[in-house]
Amino acid sequence: MLGLLETGSGFWSAVVWVILVLVIGSIVYYIRNKGEKSYKKNTEQDKPFISGNPEKAKEGSHISASHIYWGFTEALKGYYNPLVKMHTGDINDYSGWMVIITVVILIIVGVRG
Amino acid sequence: MNLSNHTPILILAVPLLAAFLIPIIGKINKKATGIFATLALGLSLVLTIILAVKILSVGPQIYVFGAKSSLLTLPSGLKFPIRIMFQIDAMGIFMGLITALVSFLGAIYSLAFIDKKDGSDSYYSLLLLLTVSMFGMEFTGDLFNFFVFLEIASMASVSLICYRGTDLGEPVEAGFKYMVVSSIAALMVLFAIGIFYGEYDVLNIAAIASVVKYSQLDKIALGILVSVLAMKAGAVPMHMWTPDAYSEAPAPITMILVAASQASLYAIFRVVFSLYNITLNTLAVGWIIIIFGLLSMFIGVTMAIIQKDINRLMAYHAISQTGYMFLGVGVGLAVLANPTALQRYGITAMEGGIFHIMNHAMYKGLLFLTAGALFFRTGTRNLDKMGGLAHYMKYTTIFFIIGAAAIAGLPPFNGFASKLLIYESVYKFNPLLSIIAMLVSILTLASFVKVFHSAFLGPKLPQFKEVKEVPRSMVFAMAVLSCIIIFFGLFPDLIVKNLVHPAVMSLIEQFKYTSTVLGGM
């Protein structure tokens with residue numbers, strides 16, 4: 001069958017996957033259309049509810065890249081601090097790593113055959 | 001004269017000749033340089049496809065330089081080859097197709113991207129030289145010739161990384177760093193080649209492979225070649241030049257630099273499979289490559305998550321994705337001497353790794369081009385300063401979604417197909433490796449969600465109200481890559497069966513590689 005990729009443990013067909021997604025999507029769309037009909041565009045219903053607080057200006061509401069995954073990086077500080085420190089931007093370190101890795105490989109190949 | 005016999009050299013000769021003609025054309029008409037370079041690379045792509053069809057239907061092709069016949073590998077009375085030759089098998093042409101396609105699309109994208117800047121003739125000359133050197137690295141059957149092409153690639157790359165201007169500090173710094181690490185790498189490669197030449201008196205890869213003893217000297221040469229070529233491929237912890245170079249080079253050049261790094265990755269595979277094969281301790285060297293893969297995957301993606309510069313973020317992802325290739329092919333190497341394991345999952349792991357090379361070149365190329373499109377219109381690479389760009393750049397947004405989904409391994413895109421092959425086969429070798437690979441995919445998705453949200457989503461920002469979609473040539477290059485990504489994702493079996501599997505078998509079956517040159521000696 002065209003599009004059937006055998007993986008050694010099973011198979012994968014993206015064509016079948018796309019057909020399934022289209023079928024499921026159609027069912028979801030049909031159910032959605034059966035829903036509430038009283039929604040009106042560009043009315044009060046469109047406005048966000050922020051517990052009665054005034055809505056911020058649209059331009060000021062964008063969350064910039066630095067604030068995304070803040071908790072993730074804060075929680076993994078112990079991992080990130082040495083890792084970032086390792087990236088010095090110093091060309092001597094770049095060359096140094098190459099020498100270290102070459103030596104390590106030579107030792108492994110020399111000892112393990 | 002049968003011109004089809006000369007296809008291997010024409011693939012290089014056309015862009016090489018064009019590279020030297022471009023400065024002359026530039027004196028007459030600056031605008032024509034880009035079109036001329038694109039035509040030359042287009043012709044080179046057509047020739048590469050013709051050669052690929054021939055190789056995949058007939059078998060490996062040889063092209064001997066300076067001989068009476070381009071097929072005469074062993075002049076009468078000699079038992080070893082003395083001339084430089086191209087030896088192109090399914091793996092070599094697989095890489096050649098990537099190079100040809102990426103360079104051609106890079107040139108098309110450059111038509112609008114580079115148009116405004118001065119020195120476009122030198123830009124296109126260097127782009128063509130970089131392409132020629134990559135073809136050379138992938139096609140040559142001679143170690144010293146490989147070194148020469150590696151040097152040409154480094155020199156062209158350094159100049160192109162600095163292209164944005166010597167008055168700007170960062171591109172020059174990135175270029176300088178790349179020059180230093182490349183020079184050290186080149187000297188070490190030359191030293192390793194010297195070892196082979198001193199030991200065996202030959203430089204032809206097939207000839208060395210037929211007599212290699214895996215002596216202490218051979219082990220030294222192996223260690224040097226694996227480490228420096230891994231550095232050139234951007235493997236952790238020797239990856240640090242990569243974010244510098246990839247982020248400072250013009251976007252189409254970054255796309256080609258990714259393919260150039262993959263040419264070095266290819267060279268590692270050529271060395272361990274075609275040159276040494278089972279003479280070396282495949283398990284030990286396989287694990288070295290697997291560990292490169294693990295470190296690159298994990299450290300690459302975790303460093304990407306914290307980046308604010310879109311190009312640096314994507315550069316770290318390039319490192320991370322290279323890890324998958326190391327992992328898949330490393331597992332194949334680790335079980336190379338075990339025929340049962342090789343058949344059960346080793347070949348599939350290698351197919352996943354090799355297929356990922358092509359997929360990565362396509363989606364990473366696309367992502368770097370979308371990043372270039374954002375820079376082209378907004379003048380910044382800082383994600384903190386971007387937002388709401390989907391309102392103005394609809395095509396770029398769609399292309400970014402396709403590239404991001406592909407790199408994160410979401411179905412039905414091409415990244416999913418190659419990653420699935422890797423997960424399911426590597427799991428049988430060591431389940432932990434597969435689990436780490438899946439975790440890295442999840443983190444990749446998280447990272448691209450961040451980019452998508454911060455650059456494309458959100459309200460219209462006043463500073464970008466003049467922003468509009470990029471010119472048509474840039475959209476065209478991104479559209480072609482997107483179509484390839486979707487096609488490879490929908491019909492991965494076609495690519496695996498017709499391109500990837502023959503490439504993997506040409507690496508595994510060393511005797512075929514040597515007998516092509518030595519005639520079954």
# chains A, B, ... in the order shown; residues from 1 in each chain; ligands from 1
>>> interface_residues(of="chain A", to="chain B", cutoff="6 Å", atoms="only C-alpha atoms", output="PDB file with C-alpha atoms, in the first residue's frame")
ATOM      1  CA  GLY A   3       2.384   5.482   2.122  1.00  0.00           C
ATOM      2  CA  LEU A   4       2.828   2.439   4.377  1.00  0.00           C
ATOM      3  CA  LEU A   5       6.088   2.669   6.286  1.00  0.00           C
ATOM      4  CA  THR A   7       9.191   0.229  11.209  1.00  0.00           C
ATOM      5  CA  ALA A  14       0.223   9.048   7.191  1.00  0.00           C
ATOM      6  CA  VAL A  15      -2.469   8.794   4.495  1.00  0.00           C
ATOM      7  CA  LYS A  58      -4.135  44.980  23.278  1.00  0.00           C
ATOM      8  CA  GLU A  59      -0.523  46.017  22.540  1.00  0.00           C
ATOM      9  CA  HIS A  62       1.409  40.261  24.484  1.00  0.00           C
ATOM     10  CA  SER A  64       7.156  38.108  25.244  1.00  0.00           C
ATOM     11  CA  ALA A  65       9.541  35.175  24.780  1.00  0.00           C
ATOM     12  CA  TRP A  97      36.644  21.022  24.121  1.00  0.00           C
ATOM     13  CA  MET A  98      37.791  19.624  20.792  1.00  0.00           C
ATOM     14  CA  THR A 102      39.745  13.849  20.938  1.00  0.00           C
ATOM     15  CA  ILE A 105      37.980   9.119  22.194  1.00  0.00           C
ATOM     16  CA  LEU A 106      41.613   8.120  21.693  1.00  0.00           C
ATOM     17  CA  GLY A 113      40.022  -1.730  20.876  1.00  0.00           C
TER      18      GLY A 113
END
>>> residues_around(residues="stretch 83-98 of chain B", least_positions_apart="3", cutoff="6 Å", atoms="only C-alpha atoms", output="PDB file with N, CA and C atoms, in the first residue's frame")
ATOM      1  N   ALA B  52      21.517  10.346  -9.873  1.00  0.00           N
ATOM      2  CA  ALA B  52      20.857   9.553  -8.825  1.00  0.00           C
ATOM      3  C   ALA B  52      20.064   8.405  -9.444  1.00  0.00           C
ATOM      4  N   PRO B  60      26.833   1.855  -8.188  1.00  0.00           N
ATOM      5  CA  PRO B  60      27.770   2.950  -7.927  1.00  0.00           C
ATOM      6  C   PRO B  60      28.511   3.398  -9.194  1.00  0.00           C
ATOM      7  N   GLN B  61      28.832   4.665  -9.257  1.00  0.00           N
ATOM      8  CA  GLN B  61      29.525   5.229 -10.416  1.00  0.00           C
ATOM      9  C   GLN B  61      30.913   5.717 -10.003  1.00  0.00           C
ATOM     10  N   ILE B  62      31.842   5.495 -10.925  1.00  0.00           N
ATOM     11  CA  ILE B  62      33.230   5.916 -10.697  1.00  0.00           C
ATOM     12  C   ILE B  62      33.579   6.978 -11.732  1.00  0.00           C
ATOM     13  N   TYR B  63      34.357   7.956 -11.312  1.00  0.00           N
ATOM     14  CA  TYR B  63      34.872   8.917 -12.289  1.00  0.00           C
ATOM     15  C   TYR B  63      36.342   9.185 -11.948  1.00  0.00           C
ATOM     16  N   VAL B  64      37.232   8.658 -12.801  1.00  0.00           N
ATOM     17  CA  VAL B  64      38.671   8.788 -12.544  1.00  0.00           C
ATOM     18  C   VAL B  64      39.194  10.013 -13.301  1.00  0.00           C
ATOM     19  N   PHE B  65      39.929  10.855 -12.579  1.00  0.00           N
ATOM     20  CA  PHE B  65      40.459  12.080 -13.195  1.00  0.00           C
ATOM     21  C   PHE B  65      41.793  11.793 -13.898  1.00  0.00           C
ATOM     22  N   LEU B 101      19.654  20.365  -3.863  1.00  0.00           N
ATOM     23  CA  LEU B 101      18.343  20.972  -3.626  1.00  0.00           C
ATOM     24  C   LEU B 101      18.444  22.195  -2.705  1.00  0.00           C
ATOM     25  N   VAL B 102      19.176  22.023  -1.615  1.00  0.00           N
ATOM     26  CA  VAL B 102      19.296  23.105  -0.631  1.00  0.00           C
ATOM     27  C   VAL B 102      20.009  24.317  -1.245  1.00  0.00           C
ATOM     28  N   PHE B 135      29.622  19.034  -2.609  1.00  0.00           N
ATOM     29  CA  PHE B 135      29.533  17.930  -3.575  1.00  0.00           C
ATOM     30  C   PHE B 135      30.826  17.115  -3.543  1.00  0.00           C
ATOM     31  N   GLU B 138      31.214  14.823  -0.677  1.00  0.00           N
ATOM     32  CA  GLU B 138      30.275  13.690  -0.728  1.00  0.00           C
ATOM     33  C   GLU B 138      30.590  12.690  -1.837  1.00  0.00           C
ATOM     34  N   PHE B 139      31.249  13.177  -2.891  1.00  0.00           N
ATOM     35  CA  PHE B 139      31.480  12.311  -4.054  1.00  0.00           C
ATOM     36  C   PHE B 139      32.870  11.673  -4.071  1.00  0.00           C
ATOM     37  N   THR B 140      33.816  12.299  -3.410  1.00  0.00           N
ATOM     38  CA  THR B 140      35.193  11.840  -3.601  1.00  0.00           C
ATOM     39  C   THR B 140      35.445  10.457  -2.978  1.00  0.00           C
ATOM     40  N   GLY B 141      36.356   9.745  -3.626  1.00  0.00           N
ATOM     41  CA  GLY B 141      36.766   8.448  -3.095  1.00  0.00           C
ATOM     42  C   GLY B 141      38.192   8.515  -2.600  1.00  0.00           C
ATOM     43  N   PRO B 502      18.818   1.922   0.055  1.00  0.00           N
ATOM     44  CA  PRO B 502      20.064   1.707  -0.711  1.00  0.00           C
ATOM     45  C   PRO B 502      21.258   2.450  -0.088  1.00  0.00           C
ATOM     46  N   ALA B 503      21.006   3.657   0.458  1.00  0.00           N
ATOM     47  CA  ALA B 503      22.099   4.420   1.071  1.00  0.00           C
ATOM     48  C   ALA B 503      22.644   3.678   2.298  1.00  0.00           C
TER      49      ALA B 503
END
>>> select_by_dssp(residues="stretch 1-85 of chain A", states="helix (DSSP H, G or I)", output="number ranges by chain")
A: 14-33, 44-46, 58-61, 65-67, 70-75, 77-85
>>> atom_distance(atom1="atom CA of B:Gly379", atom2="atom CA of B:Arg164")
12.8 Å
>>> closest_residue(among="B:Thr514, B:Asn498, B:Asn359, B:Ser210", to="B:Val53", atoms="only C-alpha atoms")
B:Asn498
>>> atom_distance(atom1="atom CA of B:Asn277", atom2="atom CA of B:Leu265")
16.2 Å
>>> closest_residue(among="B:Gly234, B:Gly300, B:Gly365, B:Gly286", to="B:Gly328", atoms="only C-alpha atoms")
B:Gly286
>>> atom_distance(atom1="atom CA of B:Ala100", atom2="atom CA of B:Leu45")
4.9 Å
